[in-house]
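See below for the structure under consideration.
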Amino acid sequence: MNKRIVLARPTGPSPVTGDFRVEEAAMPSPGPGQVLIRVDHVSLDPYIASSLRGRHMSGGVPVGGVIPGEAVGTVIDSRGEGLVAGDRVICRAGWQHFTVADIAPPGVAQGPLSLAAQKITVPDGVSYTALLGVLGMPGLTAWAGTIKILKPIPGDTFVVSAATGPVGATAGQLAKRMGARVVGIAGGPEKCAFAVETLGFDACVDHRDPDWVAALAAACPDGIDCYYDGVGGRILEGVLGHLAMGARIVLVGMMEQYKAPAPLPGPNLVPIIKYRATVDGLVVYDHWSDMANFRRRVAPLVRDGKVIVREERVAGLEAAPDALIRLMDGGNFGKMVLDL
């Protein structure tokens, strides 16, 4: 039997435990050109909550549908060429122990929403789960926003929200390697200490401190040249008042908006005009063709410990709903991965 977690009912602004149901289904059987995959690790990401509400560009989840998620797995049975039993693969398996997927043609890049299984390899010393985080969609999001859009130069002040998450931590470390002065924004003293002491950021501001905006201003005395934002809401509002002339901003996510019961009030946009700032929105799917180049450049940095990876591992399928709920509340510390 195949144990899986499905959507039990339409969700509200934030998922709750009752939105999910564990069920047993028949073991899937591969057809011609397909493989049976044992799911080993599943990525838990904020976009899942939007998908459950039908508000994500990857598509919605019907009641009774398996909760989505990118996964690393092992081929158990192959009915086609290109993959054999024992091969490690990546595919959009979701929250279940087994899945069937088409075999991706060797050497053909897959789109971001492809359901095909693609054979994977990683350098020695790098975990396969890195392909769900720093070398996967979160890492590519960080790379595209930092390298291609913000383009920090030596001496720039680069501020990043959600600074210890997989996207923010990678973006900040890449900016630091480009010569920027990096200031993180994170929730709690433990995360801020990690950003400075382990990730190598120059400073980190705790947004749970009532005086965090003043602390941000003190950490950025010459203003903010680059702002990498995955949160929006009050964090974006606080940053806008401390921009440098000609500041660049990239918006990659709106975590505060995702869980809000109603649209949040818009931030004061006067500083955008005052400081002649530019604002870009980033959808990682638009940069998917860069995935191979991104991995070639960043994988050696991960292998050599020059880009630090922190994962929070969650054990067991039944733990997934509570883990996602905690993720949406900012309770995770690093890239959240479900181990099956």
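Just so we're on the same page: first chain in the structure tokens is A, next is B, and so on; residues restart at 1 for each chain, and ligands are numbered from 1 in the order they show up.
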Mind checking which residues fall within 8 Å of A:Thr141, counting only C-alpha atoms, ignoring those fewer than 6 positions away in the same chain, and posting them as a compact mmCIF listing (two decimals) with C-alpha atoms, in the first residue's frame?
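Final file, selection_18.txt:
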```
# COMPACT_ATOMS: atom_id res chain seq x y z
CA VAL A 167 16.68 31.63 -0.21
CA VAL A 252 10.70 37.18 -4.66
CA LEU A 282 11.14 37.71 -9.67
CA VAL A 283 9.43 34.44 -10.60
CA VAL A 284 12.00 31.66 -10.52
```
Checklist entry - So which residues touch stretch 6-14 of chain A within 12 Å, counting only C-alpha atoms, skipping near sequence neighbours fewer than 4 positions away, as a PyMOL selection string? => result chain A and resi 18-25+46-55+60-69+94-96+255-263+317-318+320-322+324-329
Preceding selection exported with N, CA and C atoms as a compact mmCIF listing (two decimals), in the first residue's frame:
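Below you can see result25.txt, which holds the result:
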```txt
# COMPACT_ATOMS: atom_id res chain seq x y z
N GLY A 18 -6.50 20.21 10.39
CA GLY A 18 -7.69 19.59 9.84
C GLY A 18 -7.81 19.67 8.33
N ASP A 19 -6.93 20.43 7.68
CA ASP A 19 -6.96 20.54 6.22
C ASP A 19 -6.37 19.31 5.54
N PHE A 20 -5.73 18.43 6.32
CA PHE A 20 -4.99 17.32 5.74
C PHE A 20 -5.57 15.98 6.21
N ARG A 21 -5.41 14.97 5.37
CA ARG A 21 -5.87 13.63 5.72
C ARG A 21 -4.85 12.60 5.24
N VAL A 22 -4.50 11.68 6.14
CA VAL A 22 -3.61 10.57 5.79
C VAL A 22 -4.47 9.43 5.26
N GLU A 23 -4.08 8.85 4.15
CA GLU A 23 -4.84 7.73 3.60
C GLU A 23 -3.91 6.69 3.00
N GLU A 24 -4.44 5.49 2.86
CA GLU A 24 -3.72 4.39 2.21
C GLU A 24 -4.33 4.19 0.83
N ALA A 25 -3.47 4.13 -0.17
CA ALA A 25 -3.91 3.90 -1.54
C ALA A 25 -3.18 2.69 -2.11
N PRO A 46 7.09 27.41 1.18
CA PRO A 46 5.92 28.28 1.38
C PRO A 46 4.91 28.24 0.25
N TYR A 47 5.36 28.00 -0.99
CA TYR A 47 4.41 28.03 -2.11
C TYR A 47 3.32 26.96 -1.97
N ILE A 48 3.59 25.91 -1.19
CA ILE A 48 2.60 24.84 -1.03
C ILE A 48 1.31 25.40 -0.46
N ALA A 49 1.42 26.31 0.51
CA ALA A 49 0.21 26.89 1.11
C ALA A 49 -0.60 27.65 0.08
N SER A 50 0.06 28.36 -0.82
CA SER A 50 -0.65 29.07 -1.88
C SER A 50 -1.31 28.08 -2.84
N SER A 51 -0.62 26.97 -3.12
CA SER A 51 -1.19 25.95 -4.01
C SER A 51 -2.46 25.36 -3.42
N LEU A 52 -2.48 25.15 -2.11
CA LEU A 52 -3.66 24.58 -1.47
C LEU A 52 -4.87 25.49 -1.62
N ARG A 53 -4.62 26.78 -1.75
CA ARG A 53 -5.71 27.75 -1.92
C ARG A 53 -6.00 28.03 -3.39
N GLY A 54 -5.27 27.36 -4.29
CA GLY A 54 -5.46 27.59 -5.71
C GLY A 54 -4.94 28.92 -6.18
N ARG A 55 -3.95 29.48 -5.46
CA ARG A 55 -3.45 30.81 -5.77
C ARG A 55 -2.00 30.83 -6.21
N GLY A 60 -3.49 24.59 -8.57
CA GLY A 60 -4.10 24.32 -7.29
C GLY A 60 -4.13 22.83 -6.97
N VAL A 61 -4.66 22.52 -5.80
CA VAL A 61 -4.79 21.14 -5.34
C VAL A 61 -6.26 20.87 -5.06
N PRO A 62 -6.89 19.93 -5.75
CA PRO A 62 -8.29 19.63 -5.48
C PRO A 62 -8.44 18.88 -4.17
N VAL A 63 -9.60 18.97 -3.56
CA VAL A 63 -9.87 18.16 -2.38
C VAL A 63 -9.69 16.69 -2.75
N GLY A 64 -8.92 15.98 -1.94
CA GLY A 64 -8.59 14.60 -2.24
C GLY A 64 -7.29 14.43 -2.99
N GLY A 65 -6.70 15.55 -3.45
CA GLY A 65 -5.43 15.50 -4.18
C GLY A 65 -4.24 15.41 -3.25
N VAL A 66 -3.19 14.76 -3.71
CA VAL A 66 -1.96 14.64 -2.93
C VAL A 66 -1.31 16.02 -2.78
N ILE A 67 -0.85 16.33 -1.58
CA ILE A 67 -0.18 17.61 -1.33
C ILE A 67 1.11 17.64 -2.16
N PRO A 68 1.35 18.73 -2.90
CA PRO A 68 2.50 18.76 -3.81
C PRO A 68 3.82 18.99 -3.08
N GLY A 69 4.88 18.73 -3.80
CA GLY A 69 6.21 18.99 -3.28
C GLY A 69 7.26 18.29 -4.11
N GLY A 94 5.38 14.80 -4.29
CA GLY A 94 4.43 15.20 -3.26
C GLY A 94 4.54 14.35 -2.01
N TRP A 95 3.52 14.49 -1.15
CA TRP A 95 3.55 13.87 0.17
C TRP A 95 3.03 12.43 0.10
N GLN A 96 3.88 11.51 -0.29
CA GLN A 96 3.51 10.10 -0.36
C GLN A 96 4.78 9.26 -0.39
N MET A 255 5.65 36.48 2.06
CA MET A 255 5.25 35.55 3.10
C MET A 255 4.14 36.10 3.99
N GLU A 256 4.23 37.39 4.34
CA GLU A 256 3.19 37.96 5.20
C GLU A 256 1.85 38.02 4.48
N GLN A 257 1.87 38.21 3.16
CA GLN A 257 0.62 38.26 2.40
C GLN A 257 0.01 36.88 2.26
N TYR A 258 0.85 35.85 2.12
CA TYR A 258 0.34 34.50 1.88
C TYR A 258 -0.60 34.05 2.99
N LYS A 259 -0.30 34.44 4.23
CA LYS A 259 -1.07 33.94 5.36
C LYS A 259 -2.06 34.97 5.90
N ALA A 260 -2.20 36.10 5.23
CA ALA A 260 -3.12 37.14 5.69
C ALA A 260 -4.56 36.80 5.27
N PRO A 261 -5.54 36.99 6.16
CA PRO A 261 -6.93 36.69 5.80
C PRO A 261 -7.50 37.65 4.76
N ALA A 262 -6.91 38.82 4.64
CA ALA A 262 -7.34 39.82 3.66
C ALA A 262 -6.10 40.54 3.15
N PRO A 263 -6.19 41.18 1.99
CA PRO A 263 -5.02 41.91 1.48
C PRO A 263 -4.48 42.90 2.51
N LEU A 317 6.11 10.85 7.40
CA LEU A 317 5.07 11.49 6.59
C LEU A 317 4.04 12.22 7.44
N GLU A 318 3.63 11.61 8.55
CA GLU A 318 2.58 12.21 9.38
C GLU A 318 3.00 13.54 9.99
N ALA A 320 4.38 15.95 8.35
CA ALA A 320 4.41 17.00 7.32
C ALA A 320 3.43 18.14 7.57
N PRO A 321 2.15 17.87 7.91
CA PRO A 321 1.23 19.01 8.09
C PRO A 321 1.69 20.00 9.16
N ASP A 322 2.07 19.50 10.34
CA ASP A 322 2.51 20.41 11.39
C ASP A 322 3.78 21.15 11.00
N LEU A 324 4.62 22.06 7.91
CA LEU A 324 4.24 23.13 6.98
C LEU A 324 3.61 24.30 7.73
N ILE A 325 2.77 24.00 8.70
CA ILE A 325 2.14 25.06 9.50
C ILE A 325 3.21 25.88 10.22
N ARG A 326 4.18 25.20 10.79
CA ARG A 326 5.27 25.90 11.49
C ARG A 326 6.10 26.72 10.51
N LEU A 327 6.34 26.18 9.32
CA LEU A 327 7.08 26.92 8.29
C LEU A 327 6.37 28.22 7.95
N MET A 328 5.06 28.17 7.79
CA MET A 328 4.31 29.37 7.42
C MET A 328 4.28 30.40 8.55
N ASP A 329 4.52 29.95 9.78
CA ASP A 329 4.59 30.86 10.92
C ASP A 329 6.01 31.34 11.19
```
Enumerate, in order of chain and increasing residue number, the residues of stretch 138-167 of chain A with an atom no farther than 12 Å from stretch 211-218 of chain A, each with its shortest atom pair and distance in Å to one decimal, counting only C-alpha atoms, as JSON lines.
```
{"residue": "A:Thr157", "atom": "CA", "partner": "A:Leu216", "partner_atom": "CA", "distance": 11.5}
{"residue": "A:Phe158", "atom": "CA", "partner": "A:Leu216", "partner_atom": "CA", "distance": 11.8}
{"residue": "A:Val159", "atom": "CA", "partner": "A:Leu216", "partner_atom": "CA", "distance": 9.3}
{"residue": "A:Val160", "atom": "CA", "partner": "A:Leu216", "partner_atom": "CA", "distance": 11.3}
{"residue": "A:Ser161", "atom": "CA", "partner": "A:Leu216", "partner_atom": "CA", "distance": 11.4}
```
Just the selected residues (C-alpha atoms), exported as a tab-separated table (two decimals), in the first residue's frame, please.
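What ended up in again_31.tsv:
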```tsv
chain	number	residue	atom	x	y	z
A	157	THR	CA	24.93	47.56	1.50
A	158	PHE	CA	22.85	44.48	0.72
A	159	VAL	CA	19.87	43.74	2.99
A	160	VAL	CA	18.00	40.44	2.86
A	161	SER	CA	14.86	39.39	4.72
```
Next on the checklist: I need the residues of stretch 25-206 of chain A that end up classed as strand (DSSP E or B) by DSSP on the backbone, written out as an MDAnalysis selection string.
Outcome noted: chainID A and resid 25 34:43 66 71:78 88:91 96 98:103 117:119 157:160 181:186 203:206
Dump N, CA and C atoms for the selected residues as a short mmCIF file (atom, residue, chain, number, x, y, z; two decimals), in the first residue's frame?
```
data_model
loop_
_atom_site.label_atom_id
_atom_site.label_comp_id
_atom_site.auth_asym_id
_atom_site.auth_seq_id
_atom_site.Cartn_x
_atom_site.Cartn_y
_atom_site.Cartn_z
N ALA A 25 -3.47 4.13 -0.17
CA ALA A 25 -3.91 3.90 -1.54
C ALA A 25 -3.18 2.69 -2.11
N GLN A 34 7.82 4.53 -17.92
CA GLN A 34 7.67 5.09 -16.58
C GLN A 34 8.52 4.32 -15.57
N VAL A 35 8.64 4.92 -14.39
CA VAL A 35 9.34 4.28 -13.27
C VAL A 35 8.49 4.36 -12.01
N LEU A 36 8.67 3.36 -11.15
CA LEU A 36 8.12 3.40 -9.80
C LEU A 36 9.21 3.94 -8.89
N ILE A 37 8.87 4.95 -8.11
CA ILE A 37 9.85 5.64 -7.28
C ILE A 37 9.48 5.53 -5.81
N ARG A 38 10.45 5.17 -4.98
CA ARG A 38 10.30 5.31 -3.54
C ARG A 38 10.73 6.72 -3.16
N VAL A 39 9.85 7.44 -2.53
CA VAL A 39 10.14 8.83 -2.16
C VAL A 39 10.96 8.84 -0.87
N ASP A 40 12.13 9.45 -0.92
CA ASP A 40 13.03 9.48 0.23
C ASP A 40 12.99 10.81 0.99
N HIS A 41 12.93 11.91 0.26
CA HIS A 41 12.95 13.24 0.87
C HIS A 41 12.01 14.16 0.09
N VAL A 42 11.24 14.97 0.81
CA VAL A 42 10.31 15.90 0.18
C VAL A 42 10.62 17.31 0.67
N SER A 43 10.63 18.25 -0.25
CA SER A 43 10.86 19.65 0.08
C SER A 43 9.58 20.29 0.61
N VAL A 66 -3.19 14.76 -3.71
CA VAL A 66 -1.96 14.64 -2.93
C VAL A 66 -1.31 16.02 -2.78
N ALA A 71 10.63 16.27 -4.76
CA ALA A 71 11.16 15.18 -3.95
C ALA A 71 12.38 14.55 -4.60
N VAL A 72 13.21 13.97 -3.75
CA VAL A 72 14.30 13.11 -4.17
C VAL A 72 13.91 11.68 -3.82
N GLY A 73 14.07 10.78 -4.77
CA GLY A 73 13.68 9.40 -4.52
C GLY A 73 14.61 8.41 -5.20
N THR A 74 14.25 7.14 -5.05
CA THR A 74 15.03 6.04 -5.61
C THR A 74 14.15 5.20 -6.52
N VAL A 75 14.65 4.89 -7.70
CA VAL A 75 13.89 4.06 -8.64
C VAL A 75 13.81 2.63 -8.12
N ILE A 76 12.59 2.11 -8.01
CA ILE A 76 12.35 0.74 -7.57
C ILE A 76 12.14 -0.19 -8.77
N ASP A 77 11.44 0.31 -9.78
CA ASP A 77 11.14 -0.49 -10.96
C ASP A 77 11.10 0.43 -12.17
N SER A 78 11.75 0.03 -13.24
CA SER A 78 11.78 0.84 -14.46
C SER A 78 11.18 0.06 -15.62
N ARG A 88 19.03 7.42 -8.43
CA ARG A 88 18.43 8.51 -7.66
C ARG A 88 17.84 9.51 -8.64
N VAL A 89 16.66 10.00 -8.31
CA VAL A 89 15.94 10.90 -9.21
C VAL A 89 15.32 12.04 -8.42
N ILE A 90 14.96 13.10 -9.15
CA ILE A 90 14.19 14.20 -8.60
C ILE A 90 12.91 14.32 -9.40
N CYS A 91 11.80 14.55 -8.71
CA CYS A 91 10.51 14.68 -9.39
C CYS A 91 9.53 15.34 -8.43
N GLN A 96 3.88 11.51 -0.29
CA GLN A 96 3.51 10.10 -0.36
C GLN A 96 4.78 9.26 -0.39
N PHE A 98 5.31 6.46 -2.31
CA PHE A 98 5.65 5.96 -3.65
C PHE A 98 4.92 6.78 -4.70
N THR A 99 5.51 6.86 -5.88
CA THR A 99 4.85 7.52 -7.00
C THR A 99 5.34 6.91 -8.30
N VAL A 100 4.58 7.13 -9.35
CA VAL A 100 4.96 6.73 -10.70
C VAL A 100 5.18 8.00 -11.51
N ALA A 101 6.23 8.00 -12.33
CA ALA A 101 6.53 9.18 -13.14
C ALA A 101 7.09 8.74 -14.49
N ASP A 102 6.87 9.59 -15.49
CA ASP A 102 7.50 9.38 -16.79
C ASP A 102 9.01 9.56 -16.64
N ILE A 103 9.75 8.93 -17.52
CA ILE A 103 11.21 9.06 -17.53
C ILE A 103 11.59 10.27 -18.38
N ALA A 117 10.54 12.17 -14.03
CA ALA A 117 11.64 11.86 -13.13
C ALA A 117 12.96 12.02 -13.86
N GLN A 118 13.88 12.76 -13.26
CA GLN A 118 15.16 13.04 -13.88
C GLN A 118 16.28 12.49 -13.01
N LYS A 119 17.22 11.78 -13.62
CA LYS A 119 18.34 11.23 -12.88
C LYS A 119 19.21 12.36 -12.34
N THR A 157 25.62 48.16 0.36
CA THR A 157 24.93 47.56 1.50
C THR A 157 23.76 46.74 0.97
N PHE A 158 23.81 45.45 1.24
CA PHE A 158 22.85 44.48 0.72
C PHE A 158 22.05 43.95 1.90
N VAL A 159 20.75 44.20 1.91
CA VAL A 159 19.87 43.74 2.99
C VAL A 159 18.99 42.62 2.47
N VAL A 160 18.82 41.58 3.27
CA VAL A 160 18.00 40.44 2.86
C VAL A 160 17.10 40.03 4.01
N ARG A 181 28.46 44.57 1.62
CA ARG A 181 28.26 44.51 3.07
C ARG A 181 26.84 43.99 3.27
N VAL A 182 26.69 42.87 3.97
CA VAL A 182 25.41 42.16 4.02
C VAL A 182 24.79 42.29 5.41
N VAL A 183 23.53 42.73 5.42
CA VAL A 183 22.75 42.86 6.65
C VAL A 183 21.51 42.00 6.51
N GLY A 184 21.32 41.07 7.42
CA GLY A 184 20.15 40.20 7.39
C GLY A 184 19.04 40.73 8.27
N ILE A 185 17.83 40.29 7.98
CA ILE A 185 16.67 40.50 8.84
C ILE A 185 16.10 39.12 9.13
N ALA A 186 15.99 38.76 10.41
CA ALA A 186 15.53 37.43 10.79
C ALA A 186 14.72 37.52 12.07
N ALA A 203 25.94 42.02 9.76
CA ALA A 203 25.01 42.35 10.85
C ALA A 203 23.70 41.64 10.57
N CYS A 204 22.87 41.52 11.60
CA CYS A 204 21.53 40.96 11.42
C CYS A 204 20.60 41.61 12.43
N VAL A 205 19.43 41.97 11.97
CA VAL A 205 18.44 42.67 12.78
C VAL A 205 17.29 41.72 13.09
N ASP A 206 16.88 41.68 14.35
CA ASP A 206 15.77 40.83 14.79
C ASP A 206 14.46 41.59 14.62
#
```
Next on the checklist: So that I can check the surroundings of A:Gly168, please list as a ChimeraX atom specification every protein, DNA and RNA residue that reaches within 9 Å of it, counting only C-alpha atoms and ignoring chain neighbours fewer than 3 positions away.
Outcome noted: /A:138-139,142,160-165,171-173,184,228-230
Checklist entry - Pick the closest to A:Leu340 from A:Gly80, A:Arg313, A:His207, A:Val196: which is it, counting only C-alpha atoms? => result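 Of the candidates, the smallest distance to A:Leu340 is held by A:Arg313.
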Next on the checklist: Ranking A:Leu140, A:Leu135, A:Ile5, A:Ala247 by minimum distance to A:Val279 and counting only C-alpha atoms, which one comes first?
Outcome noted: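 Closest to A:Val279, using only C-alpha atoms: A:Ala247.
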Next on the checklist: Please extract the residues of stretch 149-324 of chain A with a backbone DSSP assignment of alpha helix (DSSP H) and present them as a PyMOL selection string.
Outcome noted: chain A and resi 166-177+189-197+212-219+233-240+255-258+270-274+291-303+320-324
Checklist entry - Quick one, how far is atom CA of A:Phe333 from atom CA of A:Leu236? => result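 Separation between atom CA of A:Phe333 and atom CA of A:Leu236: 21.0 Å.
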Item to check | d(atom CA of A:Asp304, atom CA of A:Val337) in Å | outcome: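 Interatomic distance, atom CA of A:Asp304 to atom CA of A:Val337: 21.9 Å.
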Next on the checklist: Residues near A:Trp143, anyone? I mean within 8 Å using only C-alpha atoms, not counting same-chain ones fewer than 5 positions away, as a PyMOL selection string.
Outcome noted: chain A and resi 148+170-171+174+294
Checklist entry - For A:Gly59, which residue out of A:Ile120, A:Leu113, A:Ala219, A:Leu243 is the nearest one, using only C-alpha atoms? => result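 Looking at the shortest contact to A:Gly59, the residue is A:Leu113.
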Checklist entry - Counting only C-alpha atoms, what is within 12 Å of A:Arg295, bar same-chain residues fewer than 2 positions away, as a PyMOL selection string? => result chain A and resi 120-123+130-131+133-140+143-144+288-293+297-303
Could you write those residues out with C-alpha atoms, as an mmCIF file, in the first residue's frame?
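selection-v3.cif, freshly written:
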```
data_model
loop_
_atom_site.group_PDB
_atom_site.id
_atom_site.type_symbol
_atom_site.label_atom_id
_atom_site.label_comp_id
_atom_site.auth_asym_id
_atom_site.auth_seq_id
_atom_site.Cartn_x
_atom_site.Cartn_y
_atom_site.Cartn_z
ATOM 1 C CA ILE A 120 20.487 13.231 -10.472
ATOM 2 C CA THR A 121 24.053 13.270 -9.238
ATOM 3 C CA VAL A 122 25.810 15.458 -6.692
ATOM 4 C CA PRO A 123 29.493 16.125 -5.983
ATOM 5 C CA ALA A 130 20.817 20.012 -1.454
ATOM 6 C CA LEU A 131 18.955 19.670 -4.772
ATOM 7 C CA GLY A 133 17.382 23.663 -1.309
ATOM 8 C CA VAL A 134 20.619 25.474 -1.997
ATOM 9 C CA LEU A 135 21.104 23.695 -5.355
ATOM 10 C CA GLY A 136 17.415 23.610 -6.222
ATOM 11 C CA MET A 137 14.552 26.045 -6.629
ATOM 12 C CA PRO A 138 15.386 28.112 -3.485
ATOM 13 C CA GLY A 139 19.027 28.433 -4.499
ATOM 14 C CA LEU A 140 18.191 29.381 -8.075
ATOM 15 C CA TRP A 143 21.098 33.314 -7.510
ATOM 16 C CA ALA A 144 18.818 34.946 -10.073
ATOM 17 C CA TRP A 288 14.765 27.839 -15.029
ATOM 18 C CA SER A 289 16.965 27.649 -18.127
ATOM 19 C CA ASP A 290 19.817 28.880 -15.900
ATOM 20 C CA MET A 291 19.548 25.871 -13.552
ATOM 21 C CA ALA A 292 22.436 23.876 -15.047
ATOM 22 C CA ASN A 293 24.751 26.903 -15.149
ATOM 23 C CA ARG A 297 28.854 27.513 -10.333
ATOM 24 C CA VAL A 298 27.387 26.995 -6.873
ATOM 25 C CA ALA A 299 27.826 23.243 -6.266
ATOM 26 C CA PRO A 300 31.613 23.576 -5.787
ATOM 27 C CA LEU A 301 31.013 26.366 -3.269
ATOM 28 C CA VAL A 302 28.647 24.118 -1.314
ATOM 29 C CA ARG A 303 31.071 21.186 -1.522
#
```
Checklist entry - What's the 6 Å shell around A:Ala244, counting only C-alpha atoms, without same-chain residues fewer than 5 positions away, as a ChimeraX atom specification? => result /A:223-225
Same residues, C-alpha atoms, saved as a short mmCIF file (atom, residue, chain, number, x, y, z; two decimals), in the first residue's frame:
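Result went into result-v1.cif, see below:
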```cif
data_model
loop_
_atom_site.label_atom_id
_atom_site.label_comp_id
_atom_site.auth_asym_id
_atom_site.auth_seq_id
_atom_site.Cartn_x
_atom_site.Cartn_y
_atom_site.Cartn_z
CA GLY A 223 21.41 53.58 3.36
CA ILE A 224 20.43 50.35 1.62
CA ASP A 225 21.70 49.86 -1.92
#
```
Item to check | Pick from A:Val250, A:Ile308, A:Leu44, A:Met1 nearest to A:Asn332, counting only C-alpha atoms | outcome: A:Leu44
